[in-house]
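A.B. asks: One file: structure-v1.pdb (PDB, N, CA and C atoms).
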ATOM      1  N   MET R  42     103.021   4.847  -2.153
ATOM      2  CA  MET R  42     102.995   4.860  -3.600
ATOM      3  C   MET R  42     103.335   3.463  -4.107
ATOM      4  N   SER R  43     102.655   3.011  -5.121
ATOM      5  CA  SER R  43     102.885   1.664  -5.629
ATOM      6  C   SER R  43     104.044   1.643  -6.618
ATOM      7  N   SER R  44     104.609   0.467  -6.773
ATOM      8  CA  SER R  44     105.725   0.320  -7.713
ATOM      9  C   SER R  44     105.192   0.295  -9.138
ATOM     10  N   PRO R  45     106.054   0.526 -10.147
ATOM     11  CA  PRO R  45     105.586   0.533 -11.535
ATOM     12  C   PRO R  45     104.953  -0.786 -11.964
ATOM     13  N   ALA R  46     105.385  -1.888 -11.367
ATOM     14  CA  ALA R  46     104.837  -3.181 -11.758
ATOM     15  C   ALA R  46     103.386  -3.334 -11.318
ATOM     16  N   THR R  47     102.995  -2.668 -10.223
ATOM     17  CA  THR R  47     101.624  -2.805  -9.730
ATOM     18  C   THR R  47     100.815  -1.522  -9.889
ATOM     19  N   ALA R  48     101.353  -0.542 -10.602
ATOM     20  CA  ALA R  48     100.681   0.749 -10.724
ATOM     21  C   ALA R  48      99.455   0.686 -11.622
ATOM     22  N   PHE R  49      99.379  -0.287 -12.507
ATOM     23  CA  PHE R  49      98.289  -0.335 -13.468
ATOM     24  C   PHE R  49      97.335  -1.477 -13.149
ATOM     25  N   SER R  50      96.142  -1.364 -13.662
ATOM     26  CA  SER R  50      95.088  -2.321 -13.342
ATOM     27  C   SER R  50      95.310  -3.657 -14.041
ATOM     28  N   ALA R  51      94.524  -4.624 -13.616
ATOM     29  CA  ALA R  51      94.575  -5.943 -14.240
ATOM     30  C   ALA R  51      94.122  -5.856 -15.697
ATOM     31  N   ALA R  52      93.176  -4.976 -15.984
ATOM     32  CA  ALA R  52      92.709  -4.805 -17.367
ATOM     33  C   ALA R  52      93.836  -4.289 -18.254
ATOM     34  N   HIS R  53      94.654  -3.404 -17.708
ATOM     35  CA  HIS R  53      95.789  -2.883 -18.473
ATOM     36  C   HIS R  53      96.784  -4.004 -18.769
ATOM     37  N   ARG R  54      97.057  -4.840 -17.776
ATOM     38  CA  ARG R  54      97.990  -5.947 -17.990
ATOM     39  C   ARG R  54      97.449  -6.913 -19.037
ATOM     40  N   LEU R  55      96.155  -7.187 -18.994
ATOM     41  CA  LEU R  55      95.554  -8.065 -20.001
ATOM     42  C   LEU R  55      95.656  -7.455 -21.395
ATOM     43  N   TYR R  56      95.467  -6.150 -21.489
ATOM     44  CA  TYR R  56      95.575  -5.473 -22.780
ATOM     45  C   TYR R  56      96.992  -5.583 -23.339
ATOM     46  N   VAL R  57      97.993  -5.370 -22.486
ATOM     47  CA  VAL R  57      99.385  -5.448 -22.942
ATOM     48  C   VAL R  57      99.729  -6.881 -23.341
ATOM     49  N   LYS R  58      99.242  -7.863 -22.582
ATOM     50  CA  LYS R  58      99.475  -9.263 -22.945
ATOM     51  C   LYS R  58      98.829  -9.586 -24.290
ATOM     52  N   SER R  59      97.631  -9.077 -24.497
ATOM     53  CA  SER R  59      96.938  -9.296 -25.765
ATOM     54  C   SER R  59      97.701  -8.662 -26.924
ATOM     55  N   LEU R  60      98.195  -7.461 -26.714
ATOM     56  CA  LEU R  60      98.979  -6.780 -27.743
ATOM     57  C   LEU R  60     100.241  -7.572 -28.061
ATOM     58  N   TYR R  61     100.904  -8.071 -27.043
ATOM     59  CA  TYR R  61     102.118  -8.872 -27.222
ATOM     60  C   TYR R  61     101.813 -10.134 -28.027
ATOM     61  N   ARG R  62     100.734 -10.814 -27.679
ATOM     62  CA  ARG R  62     100.352 -12.029 -28.422
ATOM     63  C   ARG R  62     100.022 -11.720 -29.874
ATOM     64  N   ARG R  63      99.312 -10.612 -30.112
ATOM     65  CA  ARG R  63      98.977 -10.239 -31.489
ATOM     66  C   ARG R  63     100.234  -9.934 -32.290
ATOM     67  N   TYR R  64     101.216  -9.288 -31.644
ATOM     68  CA  TYR R  64     102.504  -9.036 -32.302
ATOM     69  C   TYR R  64     103.169 -10.353 -32.690
ATOM     70  N   LEU R  65     103.198 -11.312 -31.754
ATOM     71  CA  LEU R  65     103.837 -12.598 -32.033
ATOM     72  C   LEU R  65     103.112 -13.355 -33.145
ATOM     73  N   LYS R  66     101.794 -13.367 -33.106
ATOM     74  CA  LYS R  66     101.034 -14.078 -34.137
ATOM     75  C   LYS R  66     101.213 -13.431 -35.503
ATOM     76  N   ASN R  67     101.261 -12.111 -35.541
ATOM     77  CA  ASN R  67     101.479 -11.426 -36.811
ATOM     78  C   ASN R  67     102.868 -11.746 -37.353
ATOM     79  N   ALA R  68     103.865 -11.785 -36.486
ATOM     80  CA  ALA R  68     105.219 -12.134 -36.925
ATOM     81  C   ALA R  68     105.255 -13.561 -37.454
ATOM     82  N   LEU R  69     104.507 -14.456 -36.833
ATOM     83  CA  LEU R  69     104.463 -15.843 -37.299
ATOM     84  C   LEU R  69     103.732 -15.956 -38.633
ATOM     85  N   ASP R  70     102.768 -15.085 -38.883
ATOM     86  CA  ASP R  70     102.103 -15.078 -40.188
ATOM     87  C   ASP R  70     103.082 -14.714 -41.298
ATOM     88  N   TRP R  71     103.996 -13.809 -41.017
ATOM     89  CA  TRP R  71     104.968 -13.383 -42.023
ATOM     90  C   TRP R  71     106.121 -14.368 -42.159
ATOM     91  N   THR R  72     106.498 -15.035 -41.079
ATOM     92  CA  THR R  72     107.637 -15.951 -41.082
ATOM     93  C   THR R  72     107.142 -17.317 -40.647
ATOM     94  N   ILE R  73     106.971 -18.234 -41.577
ATOM     95  CA  ILE R  73     106.401 -19.535 -41.265
ATOM     96  C   ILE R  73     107.382 -20.414 -40.487
ATOM     97  N   ARG R  74     108.662 -20.344 -40.829
ATOM     98  CA  ARG R  74     109.654 -21.197 -40.166
ATOM     99  C   ARG R  74     109.880 -20.732 -38.731
ATOM    100  N   ARG R  75     109.694 -21.645 -37.791
ATOM    101  CA  ARG R  75     109.807 -21.299 -36.374
ATOM    102  C   ARG R  75     111.222 -20.883 -35.987
ATOM    103  N   ASP R  76     112.241 -21.463 -36.609
ATOM    104  CA  ASP R  76     113.609 -21.100 -36.239
ATOM    105  C   ASP R  76     113.918 -19.652 -36.610
ATOM    106  N   LEU R  77     113.370 -19.162 -37.704
ATOM    107  CA  LEU R  77     113.549 -17.759 -38.075
ATOM    108  C   LEU R  77     112.631 -16.851 -37.253
ATOM    109  N   TRP R  78     111.445 -17.352 -36.966
ATOM    110  CA  TRP R  78     110.480 -16.573 -36.187
ATOM    111  C   TRP R  78     110.968 -16.333 -34.770
ATOM    112  N   ARG R  79     111.721 -17.280 -34.226
ATOM    113  CA  ARG R  79     112.192 -17.151 -32.843
ATOM    114  C   ARG R  79     113.035 -15.889 -32.661
ATOM    115  N   GLY R  80     113.879 -15.571 -33.646
ATOM    116  CA  GLY R  80     114.668 -14.341 -33.573
ATOM    117  C   GLY R  80     113.790 -13.105 -33.553
ATOM    118  N   GLU R  81     112.750 -13.116 -34.371
ATOM    119  CA  GLU R  81     111.813 -11.989 -34.383
ATOM    120  C   GLU R  81     111.047 -11.899 -33.061
ATOM    121  N   ALA R  82     110.699 -13.057 -32.498
ATOM    122  CA  ALA R  82     109.991 -13.066 -31.217
ATOM    123  C   ALA R  82     110.865 -12.470 -30.116
ATOM    124  N   LEU R  83     112.154 -12.746 -30.161
ATOM    125  CA  LEU R  83     113.062 -12.172 -29.163
ATOM    126  C   LEU R  83     113.171 -10.655 -29.327
ATOM    127  N   GLN R  84     113.150 -10.174 -30.563
ATOM    128  CA  GLN R  84     113.174  -8.721 -30.799
ATOM    129  C   GLN R  84     111.895  -8.064 -30.269
ATOM    130  N   ILE R  85     110.761  -8.701 -30.515
ATOM    131  CA  ILE R  85     109.486  -8.174 -30.022
ATOM    132  C   ILE R  85     109.502  -8.134 -28.498
ATOM    133  N   ARG R  86     110.002  -9.202 -27.889
ATOM    134  CA  ARG R  86     110.074  -9.242 -26.427
ATOM    135  C   ARG R  86     110.966  -8.121 -25.895
ATOM    136  N   ALA R  87     112.091  -7.870 -26.576
ATOM    137  CA  ALA R  87     113.002  -6.804 -26.145
ATOM    138  C   ALA R  87     112.324  -5.435 -26.229
ATOM    139  N   GLU R  88     111.504  -5.217 -27.272
ATOM    140  CA  GLU R  88     110.773  -3.950 -27.396
ATOM    141  C   GLU R  88     109.794  -3.772 -26.234
ATOM    142  N   PHE R  89     109.090  -4.841 -25.881
ATOM    143  CA  PHE R  89     108.141  -4.753 -24.773
ATOM    144  C   PHE R  89     108.873  -4.571 -23.446
ATOM    145  N   GLU R  90     109.979  -5.264 -23.268
ATOM    146  CA  GLU R  90     110.747  -5.139 -22.020
ATOM    147  C   GLU R  90     111.345  -3.744 -21.875
ATOM    148  N   ALA R  91     111.707  -3.103 -22.985
ATOM    149  CA  ALA R  91     112.289  -1.760 -22.920
ATOM    150  C   ALA R  91     111.296  -0.752 -22.339
ATOM    151  N   ASN R  92     110.006  -1.005 -22.524
ATOM    152  CA  ASN R  92     108.971  -0.089 -22.027
ATOM    153  C   ASN R  92     108.267  -0.619 -20.779
ATOM    154  N   ARG R  93     108.836  -1.616 -20.157
ATOM    155  CA  ARG R  93     108.194  -2.262 -19.012
ATOM    156  C   ARG R  93     108.033  -1.328 -17.811
ATOM    157  N   ASN R  94     108.998  -0.486 -17.558
ATOM    158  CA  ASN R  94     108.978   0.350 -16.353
ATOM    159  C   ASN R  94     108.454   1.761 -16.592
ATOM    160  N   VAL R  95     107.776   1.979 -17.696
ATOM    161  CA  VAL R  95     107.174   3.291 -17.945
ATOM    162  C   VAL R  95     105.983   3.435 -17.003
ATOM    163  N   SER R  96     106.013   4.480 -16.183
ATOM    164  CA  SER R  96     104.934   4.653 -15.206
ATOM    165  C   SER R  96     104.058   5.867 -15.493
ATOM    166  N   ASN R  97     104.448   6.698 -16.447
ATOM    167  CA  ASN R  97     103.657   7.867 -16.813
ATOM    168  C   ASN R  97     102.513   7.412 -17.730
ATOM    169  N   PRO R  98     101.259   7.553 -17.306
ATOM    170  CA  PRO R  98     100.136   7.075 -18.120
ATOM    171  C   PRO R  98     100.054   7.721 -19.505
ATOM    172  N   ARG R  99     100.381   8.999 -19.612
ATOM    173  CA  ARG R  99     100.312   9.661 -20.924
ATOM    174  C   ARG R  99     101.387   9.126 -21.861
ATOM    175  N   GLN R 100     102.581   8.954 -21.343
ATOM    176  CA  GLN R 100     103.672   8.415 -22.157
ATOM    177  C   GLN R 100     103.347   6.977 -22.569
ATOM    178  N   LEU R 101     102.784   6.220 -21.663
ATOM    179  CA  LEU R 101     102.413   4.844 -21.962
ATOM    180  C   LEU R 101     101.302   4.782 -23.007
ATOM    181  N   ALA R 102     100.356   5.705 -22.934
ATOM    182  CA  ALA R 102      99.280   5.747 -23.928
ATOM    183  C   ALA R 102      99.845   6.009 -25.317
ATOM    184  N   VAL R 103     100.839   6.884 -25.414
ATOM    185  CA  VAL R 103     101.474   7.169 -26.708
ATOM    186  C   VAL R 103     102.197   5.927 -27.218
ATOM    187  N   ILE R 104     102.904   5.235 -26.336
ATOM    188  CA  ILE R 104     103.632   4.023 -26.726
ATOM    189  C   ILE R 104     102.661   2.961 -27.228
ATOM    190  N   LEU R 105     101.568   2.756 -26.512
ATOM    191  CA  LEU R 105     100.593   1.739 -26.913
ATOM    192  C   LEU R 105      99.888   2.119 -28.208
ATOM    193  N   GLU R 106      99.605   3.397 -28.391
ATOM    194  CA  GLU R 106      98.973   3.849 -29.635
ATOM    195  C   GLU R 106      99.899   3.605 -30.823
ATOM    196  N   ARG R 107     101.173   3.916 -30.651
ATOM    197  CA  ARG R 107     102.145   3.658 -31.728
ATOM    198  C   ARG R 107     102.259   2.164 -32.022
ATOM    199  N   ALA R 108     102.216   1.359 -30.980
ATOM    200  CA  ALA R 108     102.294  -0.091 -31.169
ATOM    201  C   ALA R 108     101.088  -0.602 -31.949
ATOM    202  N   GLU R 109      99.896  -0.103 -31.620
ATOM    203  CA  GLU R 109      98.688  -0.512 -32.352
ATOM    204  C   GLU R 109      98.764  -0.078 -33.816
ATOM    205  N   GLU R 110      99.248   1.141 -34.066
ATOM    206  CA  GLU R 110      99.386   1.628 -35.437
ATOM    207  C   GLU R 110     100.385   0.776 -36.210
ATOM    208  N   HIS R 111     101.488   0.437 -35.569
ATOM    209  CA  HIS R 111     102.510  -0.393 -36.222
ATOM    210  C   HIS R 111     101.945  -1.768 -36.548
ATOM    211  N   LEU R 112     101.199  -2.338 -35.614
ATOM    212  CA  LEU R 112     100.604  -3.649 -35.833
ATOM    213  C   LEU R 112      99.591  -3.607 -36.975
ATOM    214  N   ALA R 113      98.786  -2.558 -37.031
ATOM    215  CA  ALA R 113      97.799  -2.427 -38.109
ATOM    216  C   ALA R 113      98.483  -2.220 -39.457
ATOM    217  N   LYS R 114      99.569  -1.473 -39.456
ATOM    218  CA  LYS R 114     100.279  -1.183 -40.703
ATOM    219  C   LYS R 114     100.925  -2.437 -41.290
ATOM    220  N   PHE R 115     101.453  -3.300 -40.427
ATOM    221  CA  PHE R 115     102.179  -4.474 -40.896
ATOM    222  C   PHE R 115     101.389  -5.765 -40.745
ATOM    223  N   LYS R 116     100.070  -5.658 -40.639
ATOM    224  CA  LYS R 116      99.240  -6.856 -40.532
ATOM    225  C   LYS R 116      99.291  -7.636 -41.836
ATOM    226  N   HIS R 117      99.409  -8.944 -41.715
ATOM    227  CA  HIS R 117      99.514  -9.805 -42.890
ATOM    228  C   HIS R 117      98.181  -9.820 -43.642
ATOM    229  N   PRO R 118      98.207  -9.694 -44.982
ATOM    230  CA  PRO R 118      96.949  -9.663 -45.744
ATOM    231  C   PRO R 118      96.241 -11.018 -45.791
ATOM    232  N   ASP R 119      96.982 -12.100 -45.601
ATOM    233  CA  ASP R 119      96.400 -13.441 -45.633
ATOM    234  C   ASP R 119      96.938 -14.235 -44.445
ATOM    235  N   PRO R 120      96.446 -13.950 -43.231
ATOM    236  CA  PRO R 120      97.017 -14.591 -42.044
ATOM    237  C   PRO R 120      96.723 -16.087 -42.000
ATOM    238  N   VAL R 121      97.550 -16.803 -41.264
ATOM    239  CA  VAL R 121      97.341 -18.229 -41.059
ATOM    240  C   VAL R 121      96.185 -18.392 -40.077
ATOM    241  N   ILE R 122      95.156 -19.117 -40.503
ATOM    242  CA  ILE R 122      93.992 -19.366 -39.652
ATOM    243  C   ILE R 122      93.896 -20.874 -39.457
ATOM    244  N   PRO R 123      93.825 -21.361 -38.216
ATOM    245  CA  PRO R 123      93.670 -22.800 -38.010
ATOM    246  C   PRO R 123      92.422 -23.300 -38.741
ATOM    247  N   PRO R 124      92.487 -24.490 -39.334
ATOM    248  CA  PRO R 124      91.370 -24.972 -40.157
ATOM    249  C   PRO R 124      90.021 -25.008 -39.455
ATOM    250  N   THR R 125      89.996 -25.370 -38.173
ATOM    251  CA  THR R 125      88.709 -25.491 -37.487
ATOM    252  C   THR R 125      88.264 -24.203 -36.809
ATOM    253  N   ALA R 126      89.051 -23.144 -36.912
ATOM    254  CA  ALA R 126      88.687 -21.852 -36.328
ATOM    255  C   ALA R 126      87.734 -21.110 -37.272
ATOM    256  N   PRO R 127      86.952 -20.148 -36.761
ATOM    257  CA  PRO R 127      86.086 -19.368 -37.653
ATOM    258  C   PRO R 127      86.902 -18.716 -38.768
ATOM    259  N   GLY R 128      86.475 -18.949 -39.996
ATOM    260  CA  GLY R 128      87.208 -18.439 -41.146
ATOM    261  C   GLY R 128      88.183 -19.449 -41.715
ATOM    262  N   GLY R 129      88.384 -20.575 -41.022
ATOM    263  CA  GLY R 129      89.289 -21.618 -41.498
ATOM    264  C   GLY R 129      88.632 -22.462 -42.576
ATOM    265  N   THR R 130      89.425 -23.318 -43.213
ATOM    266  CA  THR R 130      88.923 -24.107 -44.338
ATOM    267  C   THR R 130      87.939 -25.193 -43.921
ATOM    268  N   LYS R 131      87.989 -25.650 -42.682
ATOM    269  CA  LYS R 131      87.073 -26.694 -42.222
ATOM    270  C   LYS R 131      85.943 -26.149 -41.357
ATOM    271  N   TRP R 132      85.878 -24.834 -41.192
ATOM    272  CA  TRP R 132      84.852 -24.237 -40.332
ATOM    273  C   TRP R 132      83.476 -24.505 -40.907
ATOM    274  N   GLU R 133      82.614 -25.095 -40.126
ATOM    275  CA  GLU R 133      81.231 -25.420 -40.490
ATOM    276  C   GLU R 133      81.150 -26.309 -41.727
ATOM    277  N   ARG R 134      82.131 -27.187 -41.910
ATOM    278  CA  ARG R 134      82.130 -28.044 -43.088
ATOM    279  C   ARG R 134      81.073 -29.141 -42.988
ATOM    280  N   ASN R 135      80.999 -29.812 -41.871
ATOM    281  CA  ASN R 135      80.077 -30.937 -41.723
ATOM    282  C   ASN R 135      79.051 -30.654 -40.633
ATOM    283  N   LEU R 136      78.250 -29.653 -40.847
ATOM    284  CA  LEU R 136      77.206 -29.329 -39.883
ATOM    285  C   LEU R 136      76.104 -30.375 -39.942
ATOM    286  N   PRO R 137      75.472 -30.672 -38.817
ATOM    287  CA  PRO R 137      74.339 -31.593 -38.871
ATOM    288  C   PRO R 137      73.192 -30.950 -39.652
ATOM    289  N   PRO R 138      72.407 -31.764 -40.338
ATOM    290  CA  PRO R 138      71.309 -31.191 -41.128
ATOM    291  C   PRO R 138      70.258 -30.535 -40.237
ATOM    292  N   SER R 139      69.609 -29.539 -40.770
ATOM    293  CA  SER R 139      68.567 -28.835 -40.036
ATOM    294  C   SER R 139      67.356 -29.742 -39.874
ATOM    295  N   MET R 140      66.729 -29.675 -38.717
ATOM    296  CA  MET R 140      65.543 -30.491 -38.469
ATOM    297  C   MET R 140      64.266 -29.770 -38.912
ATOM    298  N   ALA R 141      64.382 -28.547 -39.344
ATOM    299  CA  ALA R 141      63.224 -27.794 -39.824
ATOM    300  C   ALA R 141      62.838 -28.310 -41.211
ATOM    301  N   PRO R 142      61.554 -28.215 -41.547
ATOM    302  CA  PRO R 142      61.146 -28.676 -42.882
ATOM    303  C   PRO R 142      61.770 -27.814 -43.978
ATOM    304  N   LEU R 143      62.110 -28.456 -45.083
ATOM    305  CA  LEU R 143      62.695 -27.723 -46.197
ATOM    306  C   LEU R 143      61.653 -26.850 -46.882
ATOM    307  N   TYR R 144      60.417 -27.313 -46.894
ATOM    308  CA  TYR R 144      59.344 -26.592 -47.558
ATOM    309  C   TYR R 144      58.175 -26.518 -46.589
ATOM    310  N   ASP R 145      57.712 -25.345 -46.297
ATOM    311  CA  ASP R 145      56.635 -25.163 -45.330
ATOM    312  C   ASP R 145      55.293 -25.261 -46.054
ATOM    313  N   HIS R 146      54.717 -26.467 -46.062
ATOM    314  CA  HIS R 146      53.462 -26.712 -46.773
ATOM    315  C   HIS R 146      52.294 -25.937 -46.159
ATOM    316  N   GLU R 147      52.278 -25.817 -44.845
ATOM    317  CA  GLU R 147      51.165 -25.138 -44.175
ATOM    318  C   GLU R 147      51.107 -23.661 -44.555
ATOM    319  N   ALA R 148      52.236 -23.005 -44.655
ATOM    320  CA  ALA R 148      52.250 -21.585 -45.008
ATOM    321  C   ALA R 148      51.777 -21.392 -46.442
ATOM    322  N   VAL R 149      52.108 -22.313 -47.328
ATOM    323  CA  VAL R 149      51.695 -22.202 -48.728
ATOM    324  C   VAL R 149      50.192 -22.427 -48.854
ATOM    325  N   GLU R 150      49.651 -23.404 -48.108
ATOM    326  CA  GLU R 150      48.214 -23.687 -48.167
ATOM    327  C   GLU R 150      47.394 -22.523 -47.617
ATOM    328  N   GLN R 151      47.890 -21.846 -46.576
ATOM    329  CA  GLN R 151      47.167 -20.717 -46.006
ATOM    330  C   GLN R 151      47.193 -19.524 -46.948
ATOM    331  N   ALA R 152      48.200 -19.404 -47.764
ATOM    332  CA  ALA R 152      48.312 -18.279 -48.691
ATOM    333  C   ALA R 152      47.312 -18.408 -49.834
ATOM    334  N   HIS R 153      46.886 -19.641 -50.160
ATOM    335  CA  HIS R 153      45.942 -19.831 -51.270
ATOM    336  C   HIS R 153      44.544 -19.716 -50.835
TER     337      HIS R 153
END
Reformat the file's structure so that it appears as structure tokens.
C.D. replies:
Amino acid sequence: MSSPATAFSAAHRLYVKSLYRRYLKNALDWTIRRDLWRGEALQIRAEFEANRNVSNPRQLAVILERAEEHLAKFKHPDPVIPPTAPGGTKWERNLPPSMAPLYDHEAVEQAH
């Protein structure tokens, strides 16, 4: 029988890591100052560590579902988005011009 640390798949570990990161990023959206955010990050880490050795898949599914609901409920309405990321203020600001013609003369001539 495998230990609780290796009982779950790599996909499960990636999912939990992703959930943890989303929790941290959401907390940082609400608390801009890093010194205050650090305390919240430690609380989030303690919550994840408290459920680290849960080996019952059904119990773990309930815990993860509650965590997703909590994250959705407390999601920041205006999250911090890096300027060059999709949705940021500089996203697609200086795109190179299109090389396609602005006006298709051939299509207009064929229509007449």
A.B. asks: Can you list, as a PyMOL selection string, every residue of chain R that DSSP puts in helix (DSSP H, G or I)?
C.D. replies: chain R and resi 51-71+75-91+98-114+146-152
A.B. asks: What residues come out when you apply the PyMOL selection byres ((chain R and resi 58-65) around 8) to this file, written as a PDB file with N, CA and C atoms, keeping the file's coordinate frame?
C.D. replies:
ATOM      1  N   ALA R  52      93.176  -4.976 -15.984  1.00  0.00           N
ATOM      2  CA  ALA R  52      92.709  -4.805 -17.367  1.00  0.00           C
ATOM      3  C   ALA R  52      93.836  -4.289 -18.254  1.00  0.00           C
ATOM      4  N   HIS R  53      94.654  -3.404 -17.708  1.00  0.00           N
ATOM      5  CA  HIS R  53      95.789  -2.883 -18.473  1.00  0.00           C
ATOM      6  C   HIS R  53      96.784  -4.004 -18.769  1.00  0.00           C
ATOM      7  N   ARG R  54      97.057  -4.840 -17.776  1.00  0.00           N
ATOM      8  CA  ARG R  54      97.990  -5.947 -17.990  1.00  0.00           C
ATOM      9  C   ARG R  54      97.449  -6.913 -19.037  1.00  0.00           C
ATOM     10  N   LEU R  55      96.155  -7.187 -18.994  1.00  0.00           N
ATOM     11  CA  LEU R  55      95.554  -8.065 -20.001  1.00  0.00           C
ATOM     12  C   LEU R  55      95.656  -7.455 -21.395  1.00  0.00           C
ATOM     13  N   TYR R  56      95.467  -6.150 -21.489  1.00  0.00           N
ATOM     14  CA  TYR R  56      95.575  -5.473 -22.780  1.00  0.00           C
ATOM     15  C   TYR R  56      96.992  -5.583 -23.339  1.00  0.00           C
ATOM     16  N   VAL R  57      97.993  -5.370 -22.486  1.00  0.00           N
ATOM     17  CA  VAL R  57      99.385  -5.448 -22.942  1.00  0.00           C
ATOM     18  C   VAL R  57      99.729  -6.881 -23.341  1.00  0.00           C
ATOM     19  N   LYS R  66     101.794 -13.367 -33.106  1.00  0.00           N
ATOM     20  CA  LYS R  66     101.034 -14.078 -34.137  1.00  0.00           C
ATOM     21  C   LYS R  66     101.213 -13.431 -35.503  1.00  0.00           C
ATOM     22  N   ASN R  67     101.261 -12.111 -35.541  1.00  0.00           N
ATOM     23  CA  ASN R  67     101.479 -11.426 -36.811  1.00  0.00           C
ATOM     24  C   ASN R  67     102.868 -11.746 -37.353  1.00  0.00           C
ATOM     25  N   ALA R  68     103.865 -11.785 -36.486  1.00  0.00           N
ATOM     26  CA  ALA R  68     105.219 -12.134 -36.925  1.00  0.00           C
ATOM     27  C   ALA R  68     105.255 -13.561 -37.454  1.00  0.00           C
ATOM     28  N   LEU R  69     104.507 -14.456 -36.833  1.00  0.00           N
ATOM     29  CA  LEU R  69     104.463 -15.843 -37.299  1.00  0.00           C
ATOM     30  C   LEU R  69     103.732 -15.956 -38.633  1.00  0.00           C
ATOM     31  N   ASP R  70     102.768 -15.085 -38.883  1.00  0.00           N
ATOM     32  CA  ASP R  70     102.103 -15.078 -40.188  1.00  0.00           C
ATOM     33  C   ASP R  70     103.082 -14.714 -41.298  1.00  0.00           C
ATOM     34  N   TRP R  71     103.996 -13.809 -41.017  1.00  0.00           N
ATOM     35  CA  TRP R  71     104.968 -13.383 -42.023  1.00  0.00           C
ATOM     36  C   TRP R  71     106.121 -14.368 -42.159  1.00  0.00           C
ATOM     37  N   GLU R  81     112.750 -13.116 -34.371  1.00  0.00           N
ATOM     38  CA  GLU R  81     111.813 -11.989 -34.383  1.00  0.00           C
ATOM     39  C   GLU R  81     111.047 -11.899 -33.061  1.00  0.00           C
ATOM     40  N   ALA R  82     110.699 -13.057 -32.498  1.00  0.00           N
ATOM     41  CA  ALA R  82     109.991 -13.066 -31.217  1.00  0.00           C
ATOM     42  C   ALA R  82     110.865 -12.470 -30.116  1.00  0.00           C
ATOM     43  N   ILE R  85     110.761  -8.701 -30.515  1.00  0.00           N
ATOM     44  CA  ILE R  85     109.486  -8.174 -30.022  1.00  0.00           C
ATOM     45  C   ILE R  85     109.502  -8.134 -28.498  1.00  0.00           C
ATOM     46  N   ARG R  86     110.002  -9.202 -27.889  1.00  0.00           N
ATOM     47  CA  ARG R  86     110.074  -9.242 -26.427  1.00  0.00           C
ATOM     48  C   ARG R  86     110.966  -8.121 -25.895  1.00  0.00           C
ATOM     49  N   PHE R  89     109.090  -4.841 -25.881  1.00  0.00           N
ATOM     50  CA  PHE R  89     108.141  -4.753 -24.773  1.00  0.00           C
ATOM     51  C   PHE R  89     108.873  -4.571 -23.446  1.00  0.00           C
ATOM     52  N   ALA R 108     102.216   1.359 -30.980  1.00  0.00           N
ATOM     53  CA  ALA R 108     102.294  -0.091 -31.169  1.00  0.00           C
ATOM     54  C   ALA R 108     101.088  -0.602 -31.949  1.00  0.00           C
ATOM     55  N   GLU R 109      99.896  -0.103 -31.620  1.00  0.00           N
ATOM     56  CA  GLU R 109      98.688  -0.512 -32.352  1.00  0.00           C
ATOM     57  C   GLU R 109      98.764  -0.078 -33.816  1.00  0.00           C
ATOM     58  N   LEU R 112     101.199  -2.338 -35.614  1.00  0.00           N
ATOM     59  CA  LEU R 112     100.604  -3.649 -35.833  1.00  0.00           C
ATOM     60  C   LEU R 112      99.591  -3.607 -36.975  1.00  0.00           C
TER      61      LEU R 112
END
A.B. asks: Go ahead and compute the interatomic distance for CA of Ala102 in chain R and CA of Trp78 in chain R, in Å to one decimal.
C.D. replies: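 Computing it gives 27.8 Å between the two atoms.
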A.B. asks: Any idea what the distance is between CA of Gly128 in chain R and CA of Lys114 in chain R?
C.D. replies: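 Here the two named atoms are 21.7 Å from each other.
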A.B. asks: CA of Leu83 in chain R to CA of His117 in chain R: how many Å, to one decimal?
C.D. replies: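 Atom-to-atom, CA of Leu83 in chain R to CA of His117 in chain R, that is 19.4 Å.
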